[in-house]
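Trainee: Sharing query31.cif here; it has mmCIF, C-alpha atoms and all ligand atoms.
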```
data_protein
#
loop_
_atom_site.label_atom_id
_atom_site.label_comp_id
_atom_site.auth_asym_id
_atom_site.auth_seq_id
_atom_site.Cartn_x
_atom_site.Cartn_y
_atom_site.Cartn_z
CA MET B 285 67.92 138.41 -32.60
CA ILE B 286 70.47 136.53 -30.51
CA GLU B 287 71.26 138.28 -27.23
CA GLY B 288 73.17 136.02 -24.82
CA ASN B 289 76.86 135.37 -25.32
CA PHE B 290 77.97 131.94 -26.48
CA ILE B 291 81.21 130.81 -24.86
CA VAL B 292 83.08 127.55 -25.48
CA LEU B 293 85.84 125.88 -23.45
CA GLU B 294 88.22 123.52 -25.23
CA GLY B 295 91.33 121.47 -24.50
CA VAL B 296 92.70 117.93 -24.23
CA ASP B 297 91.14 115.44 -21.81
CA GLY B 298 92.29 116.58 -18.37
CA ALA B 299 92.84 120.21 -19.42
CA GLY B 300 90.01 121.24 -17.08
CA THR B 301 87.20 122.17 -19.47
CA THR B 302 84.53 120.56 -17.27
CA THR B 303 85.91 122.14 -14.09
CA HIS B 304 86.11 125.61 -15.67
CA THR B 305 82.71 125.38 -17.36
CA LYS B 306 81.30 124.89 -13.87
CA ASP B 307 83.44 127.64 -12.31
CA LEU B 308 82.53 130.11 -15.06
CA GLY B 309 78.84 129.27 -14.62
CA ASP B 310 79.25 130.06 -10.90
CA TYR B 311 80.90 133.38 -11.81
CA PHE B 312 77.91 134.40 -13.94
CA ARG B 313 75.41 133.29 -11.28
CA GLY B 314 77.41 135.14 -8.62
CA ARG B 315 76.99 138.33 -10.62
CA GLY B 316 73.27 137.71 -11.07
CA LEU B 317 73.68 137.12 -14.82
CA PRO B 318 71.54 134.53 -16.63
CA VAL B 319 73.61 131.51 -17.65
CA HIS B 320 73.17 128.00 -18.93
CA THR B 321 76.06 125.52 -18.81
CA THR B 322 76.08 122.58 -21.16
CA ARG B 323 78.45 120.07 -22.79
CA GLU B 324 79.20 118.04 -25.89
CA PRO B 325 78.36 115.29 -26.51
CA SER B 326 75.10 116.86 -25.34
CA ASP B 327 72.52 115.38 -23.00
CA GLY B 328 70.06 115.16 -25.91
CA PRO B 329 69.08 111.84 -27.58
CA ILE B 330 71.94 111.81 -30.11
CA GLY B 331 74.48 112.90 -27.50
CA VAL B 332 73.47 110.00 -25.26
CA LEU B 333 74.15 107.61 -28.13
CA VAL B 334 77.51 109.28 -28.88
CA ARG B 335 78.56 108.82 -25.22
CA GLN B 336 77.70 105.12 -25.49
CA MET B 337 79.88 104.90 -28.61
CA ILE B 338 82.79 106.54 -26.77
CA GLN B 339 82.34 104.19 -23.82
CA GLY B 340 82.42 101.08 -26.00
CA ARG B 341 78.74 100.19 -25.55
CA VAL B 342 77.92 100.66 -29.26
CA VAL B 343 80.31 98.72 -31.50
CA VAL B 344 80.80 97.40 -35.02
CA PRO B 345 80.89 93.58 -35.46
CA GLY B 346 84.33 93.09 -37.10
CA ILE B 347 85.83 89.76 -38.24
CA HIS B 348 88.24 89.82 -35.27
CA GLY B 349 85.54 90.73 -32.77
CA THR B 350 83.79 93.98 -32.09
CA ARG B 351 85.49 97.33 -32.65
CA ALA B 352 84.75 101.03 -32.34
CA PRO B 353 82.81 102.65 -35.21
CA HIS B 354 84.84 104.24 -38.03
CA TRP B 355 86.02 107.82 -37.46
CA THR B 356 83.68 109.03 -40.22
CA THR B 357 80.69 107.53 -38.39
CA MET B 358 81.83 109.25 -35.20
CA ALA B 359 82.29 112.57 -37.04
CA LEU B 360 78.76 112.47 -38.46
CA MET B 361 77.27 111.46 -35.11
CA PHE B 362 79.04 114.32 -33.32
CA ALA B 363 77.90 116.73 -36.05
CA ALA B 364 74.29 115.49 -35.81
CA ASP B 365 74.36 115.87 -32.03
CA ARG B 366 75.74 119.39 -32.43
CA VAL B 367 73.03 120.71 -34.75
CA ASP B 368 70.41 119.16 -32.46
CA HIS B 369 72.13 120.73 -29.43
CA VAL B 370 72.17 124.17 -31.09
CA ASP B 371 68.55 123.82 -32.21
CA ALA B 372 67.09 122.42 -28.99
CA GLU B 373 69.21 124.02 -26.30
CA ILE B 374 71.86 126.57 -27.27
CA ARG B 375 69.97 128.89 -29.63
CA PRO B 376 66.73 129.02 -27.56
CA ASN B 377 68.73 130.06 -24.48
CA LEU B 378 70.72 132.71 -26.35
CA MET B 379 67.51 134.11 -27.82
CA ASP B 380 66.06 134.36 -24.31
CA GLY B 381 69.07 136.47 -23.35
CA VAL B 382 70.74 133.64 -21.44
CA ASN B 383 74.52 133.29 -21.77
CA VAL B 384 75.55 129.78 -22.78
CA ILE B 385 78.81 128.13 -21.74
CA CYS B 386 79.59 124.90 -23.54
CA ASP B 387 82.17 122.29 -22.47
CA ARG B 388 83.66 121.37 -25.91
CA TYR B 389 82.24 122.14 -29.37
CA ASP B 390 83.10 121.48 -33.03
CA TYR B 391 86.80 122.23 -32.39
CA SER B 392 86.86 118.89 -30.55
CA SER B 393 85.33 117.17 -33.60
CA VAL B 394 87.94 118.63 -35.90
CA ALA B 395 90.74 117.82 -33.45
CA TYR B 396 89.76 114.27 -32.44
CA GLN B 397 88.40 113.01 -35.76
CA SER B 398 91.19 114.47 -37.89
CA ILE B 399 93.71 112.66 -35.71
CA ARG B 400 91.63 109.47 -35.88
CA SER B 401 91.61 109.81 -39.66
CA GLY B 402 95.37 109.23 -39.57
CA GLU B 403 95.99 113.00 -39.66
CA SER B 404 94.84 113.21 -43.25
CA GLU B 405 94.81 116.82 -44.45
CA GLU B 406 91.60 116.22 -46.44
CA ALA B 407 89.76 115.30 -43.26
CA ILE B 408 89.80 118.84 -41.88
CA PRO B 409 87.81 120.63 -44.64
CA TRP B 410 85.26 117.79 -44.59
CA LEU B 411 84.92 117.96 -40.80
CA LYS B 412 84.44 121.71 -41.01
CA ARG B 413 81.88 121.35 -43.78
CA ILE B 414 79.68 118.86 -41.93
CA ASN B 415 79.71 121.34 -39.02
CA SER B 416 79.00 124.39 -41.15
CA HIS B 417 75.57 124.85 -39.51
CA ALA B 418 77.11 125.02 -36.04
CA LEU B 419 76.53 128.49 -34.61
CA ARG B 420 79.87 130.27 -34.07
CA PRO B 421 80.82 131.11 -30.48
CA ASP B 422 81.46 134.71 -29.38
CA LEU B 423 84.53 133.48 -27.50
CA THR B 424 86.43 130.20 -27.37
CA VAL B 425 88.86 129.59 -24.50
CA VAL B 426 91.50 126.92 -25.09
CA LEU B 427 93.02 125.57 -21.88
CA ASP B 428 96.65 124.70 -22.51
CA VAL B 429 98.12 122.00 -20.30
CA PRO B 430 101.28 119.95 -21.03
CA ALA B 431 100.47 116.39 -22.17
CA GLU B 432 102.07 114.88 -19.03
CA VAL B 433 100.01 117.06 -16.67
CA ALA B 434 96.77 116.19 -18.48
CA ALA B 435 97.75 112.48 -18.39
CA GLU B 436 98.36 112.66 -14.63
CA ARG B 437 94.97 114.32 -14.06
CA ARG B 438 93.29 111.58 -16.13
CA ARG B 439 95.08 108.94 -14.06
CA GLN B 440 93.81 110.54 -10.85
CA ARG B 441 90.20 110.33 -11.98
CA SER B 442 90.65 106.82 -13.49
CA GLY B 443 87.28 105.20 -14.35
CA VAL B 444 86.60 103.04 -17.42
CA LYS B 445 88.90 103.27 -20.42
CA GLU B 446 87.31 105.28 -23.20
CA LEU B 447 87.83 105.43 -26.96
CA TYR B 448 90.24 108.40 -26.93
CA ASP B 449 92.10 107.39 -23.76
CA ASP B 450 95.50 106.81 -25.31
CA ALA B 451 98.73 108.69 -24.47
CA GLU B 452 100.00 109.04 -28.05
CA PHE B 453 96.59 110.24 -29.25
CA GLN B 454 96.39 112.78 -26.42
CA GLU B 455 99.87 114.12 -27.30
CA LYS B 456 98.74 114.76 -30.87
CA LEU B 457 95.67 116.50 -29.46
CA THR B 458 97.91 118.74 -27.32
CA ASP B 459 99.77 119.82 -30.49
CA PHE B 460 96.50 120.44 -32.35
CA TYR B 461 95.09 122.65 -29.58
CA ALA B 462 98.34 124.63 -29.27
CA THR B 463 97.79 126.09 -32.75
CA MET B 464 94.04 125.58 -33.10
CA GLU B 465 93.32 129.17 -34.25
CA ASN B 466 95.21 128.45 -37.50
CA ARG B 467 92.38 126.06 -38.38
CA PHE B 468 89.63 128.52 -37.40
CA GLU B 469 90.61 131.84 -38.86
CA SER B 470 88.51 134.93 -38.09
CA GLU B 471 87.26 133.43 -34.81
CA ASN B 472 87.67 134.87 -31.34
CA ILE B 473 89.95 132.24 -29.78
CA VAL B 474 92.13 132.82 -26.72
CA HIS B 475 94.59 130.54 -24.94
CA VAL B 476 94.78 130.28 -21.16
CA ASN B 477 97.54 128.42 -19.35
CA GLY B 478 95.58 125.73 -17.51
CA ASN B 479 98.63 124.40 -15.67
CA ARG B 480 98.13 126.67 -12.66
CA PRO B 481 95.96 126.63 -9.53
CA ARG B 482 92.28 126.38 -10.43
CA LYS B 483 91.42 129.80 -8.99
CA GLU B 484 94.12 131.56 -11.05
CA VAL B 485 92.92 129.88 -14.24
CA ALA B 486 89.32 130.86 -13.42
CA LEU B 487 90.32 134.52 -12.89
CA GLU B 488 92.10 134.69 -16.21
CA ILE B 489 89.10 133.17 -18.01
CA GLN B 490 86.86 135.78 -16.35
CA LYS B 491 89.14 138.55 -17.60
CA HIS B 492 88.60 137.35 -21.19
CA ILE B 493 84.85 137.13 -20.56
CA ARG B 494 84.73 140.76 -19.44
CA SER B 495 86.31 141.84 -22.71
CA LEU B 496 83.18 140.55 -24.50
CA ARG B 497 80.71 142.92 -22.85
CA LYS B 498 81.16 145.47 -20.09
CA GLU B 499 78.25 144.12 -17.99
CA LEU B 500 79.97 140.73 -17.70
N1 LIG B 601 94.04 124.43 -12.42
C1 LIG B 601 93.17 123.46 -12.60
N2 LIG B 601 92.07 123.67 -13.38
C2 LIG B 601 91.21 122.70 -13.58
N3 LIG B 601 91.28 121.46 -13.12
C3 LIG B 601 92.35 121.18 -12.31
C4 LIG B 601 93.32 122.15 -12.04
N4 LIG B 601 94.26 121.60 -11.28
C5 LIG B 601 93.88 120.34 -11.08
N5 LIG B 601 92.72 120.06 -11.69
C6 LIG B 601 92.04 118.78 -11.69
O1 LIG B 601 92.16 118.26 -13.01
C7 LIG B 601 90.98 117.58 -13.38
C8 LIG B 601 90.42 118.23 -14.63
O2 LIG B 601 89.29 117.56 -14.96
P1 LIG B 601 88.18 118.08 -15.94
O3 LIG B 601 87.76 119.46 -15.59
O4 LIG B 601 87.15 117.02 -15.95
O5 LIG B 601 89.00 118.13 -17.28
P2 LIG B 601 88.46 117.90 -18.73
O6 LIG B 601 86.97 118.12 -18.68
O7 LIG B 601 89.18 118.92 -19.53
O8 LIG B 601 88.84 116.51 -19.09
C9 LIG B 601 90.03 117.67 -12.21
O9 LIG B 601 90.14 116.49 -11.46
C10 LIG B 601 90.55 118.86 -11.43
O10 LIG B 601 90.26 118.78 -10.07
MG MG B 602 85.43 116.89 -19.25
#
```
Have the structure of the file written as structure tokens, please.
Mentor:
Amino acid sequence: MIEGNFIVLEGVDGAGTTTHTKDLGDYFRGRGLPVHTTREPSDGPIGVLVRQMIQGRVVVPGIHGTRAPHWTTMALMFAADRVDHVDAEIRPNLMDGVNVICDRYDYSSVAYQSIRSGESEEAIPWLKRINSHALRPDLTVVLDVPAEVAAERRRQRSGVKELYDDAEFQEKLTDFYATMENRFESENIVHVNGNRPRKEVALEIQKHIRSLRKEL
């Protein structure tokens, strides 16, 4: 029997999912509650490879030079990493009574890869099917941030350019996340305005967490 709660944070790059995964982990620890924070791509063997693909270190030899792998390859790699992540890390923790907070999950796969597919409507059912073994979260928090704010935050952190680091792509992602629950009916999805001081955002996320179980 699964006992811990499984919580996912989602949003565009720069929405604050990594920041708020950490802050929410601190909230649980502060209350003496068992918690494990994790992320996707995971830190498992497939996740490490996926990160290398995103960073341009694993490429396809095209006729005009190397290029990023096809979106279908990426989708299957993300899905493989996810089932491994659930099997090796998420489910064992939940079964031990540990709450799990995950920075991104299969919503990101559906969002990113469906846009990479050229926004083909057929892509979404396929993406959902290849993730059909992914354990469903008890709560998914979508951090909403205007595209310009997320872009400014990404600029501040700079670093190497990654596969999905493109303004037009990120604007499409913003639109996808704004109505994400329409693609995941019957799931517990809430939106939180992430364009506010970090502490305020954290408090609102905690309020949603407490609605899951009174001891949280
Ligand atoms: N209210 C806020 N919540 C979260 N992050 C914020 C906020 N305001 C500014 N930031 C900054 O925005 C960036 C968000 O980064 P991160 O959490 O890595 O986003 P993501 O993982 O969604 O790409 C961080 O540099 C963080 O300090
Ligand atoms: Mg992040």
Trainee: Enumerate residues in contact with ligand LIG 601 (chain B): an atom-to-atom distance of at most 9 Å, counting all atoms listed in the file. Format the result as a PyMOL selection string.
Mentor: chain B and resi 293-306+387-388+427+433-434+436-438+440-441+477-486
Trainee: Would you mind listing what lies within 6 Å of region 312-329 of chain B as a ChimeraX atom specification, with all atoms listed in the file counted and same-chain residues fewer than 3 positions away left out?
Mentor: /B:309,332,382-388
Trainee: How many Å separate CA of Arg494 (chain B) from CA of Val426 (chain B)?
Mentor: 16.4 Å
Trainee: Work out how far CA of Ala435 (chain B) is from CA of Asp450 (chain B), in Å to one decimal.
Mentor: 9.2 Å
Trainee: List the spatial neighbours of region 459-461 of chain B as a ChimeraX atom specification - criterion: any atom at most 7 Å away, all atoms listed in the file, same-chain residues fewer than 3 positions off excluded.
Mentor: /B:295,395,455-456,464
Trainee: Which of these, B:Arg420, B:Val394, B:Phe362, B:Ile291, has the shortest distance to His492 (chain B) once you count all atoms listed in the file?
Mentor: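 Of all the options, B:Ile291 lies closest to His492 (chain B).
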Trainee: Between CA of Asp310 (chain B) and CA of Leu496 (chain B), what is the distance in Å, rounded to a tenth?
Mentor: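 Separation between CA of Asp310 (chain B) and CA of Leu496 (chain B): 17.6 Å.
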Trainee: Would you kindly return, as a list in words, each protein, DNA or RNA residue with an atom no farther than 9 Å from any atom of Asn472 (chain B), considering only C-alpha atoms and excluding same-chain residues fewer than 6 positions away?
Mentor: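 Skipping anything fewer than 6 positions along the chain leaves Pro421, Asp422, Leu423, Thr424, Val425 and Glu465 of chain B.
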Trainee: Between B:Ser392, B:Pro409, B:Ala451, B:Thr463, which has the minimum distance to ligand MG 602 (chain B) (counting only C-alpha atoms and all ligand atoms)?
Mentor: B:Ser392
Trainee: Between B:Tyr389, B:Val343, B:Ala352, B:Ile374, single out the one closest to ligand MG 602 (chain B), counting only C-alpha atoms and all ligand atoms.
Mentor: B:Tyr389
Trainee: Ranking B:Ala372, B:Leu419, B:Ile473, B:Leu447 by minimum distance to Met358 (chain B) and counting only C-alpha atoms, which one comes first?
Mentor: B:Leu447
Trainee: Given the choices B:Glu452, B:Glu446, B:Asp380, B:Glu499, which gets closest to Met337 (chain B) if the distance is worked out from all atoms listed in the file?
Mentor: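 Among the listed residues, the smallest separation from Met337 (chain B) belongs to B:Glu446.
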Trainee: Would you compute an axis-aligned box for region 420-428 of chain B, covering every atom listed for it in the file with 8 Å of margin on each side, and report centre and edge lengths in Å to one decimal as lines of an AutoDock Vina configuration file?
Mentor:
```
center_x = 88.3
center_y = 129.7
center_z = -28.0
size_x = 32.8
size_y = 26.0
size_z = 28.2
```
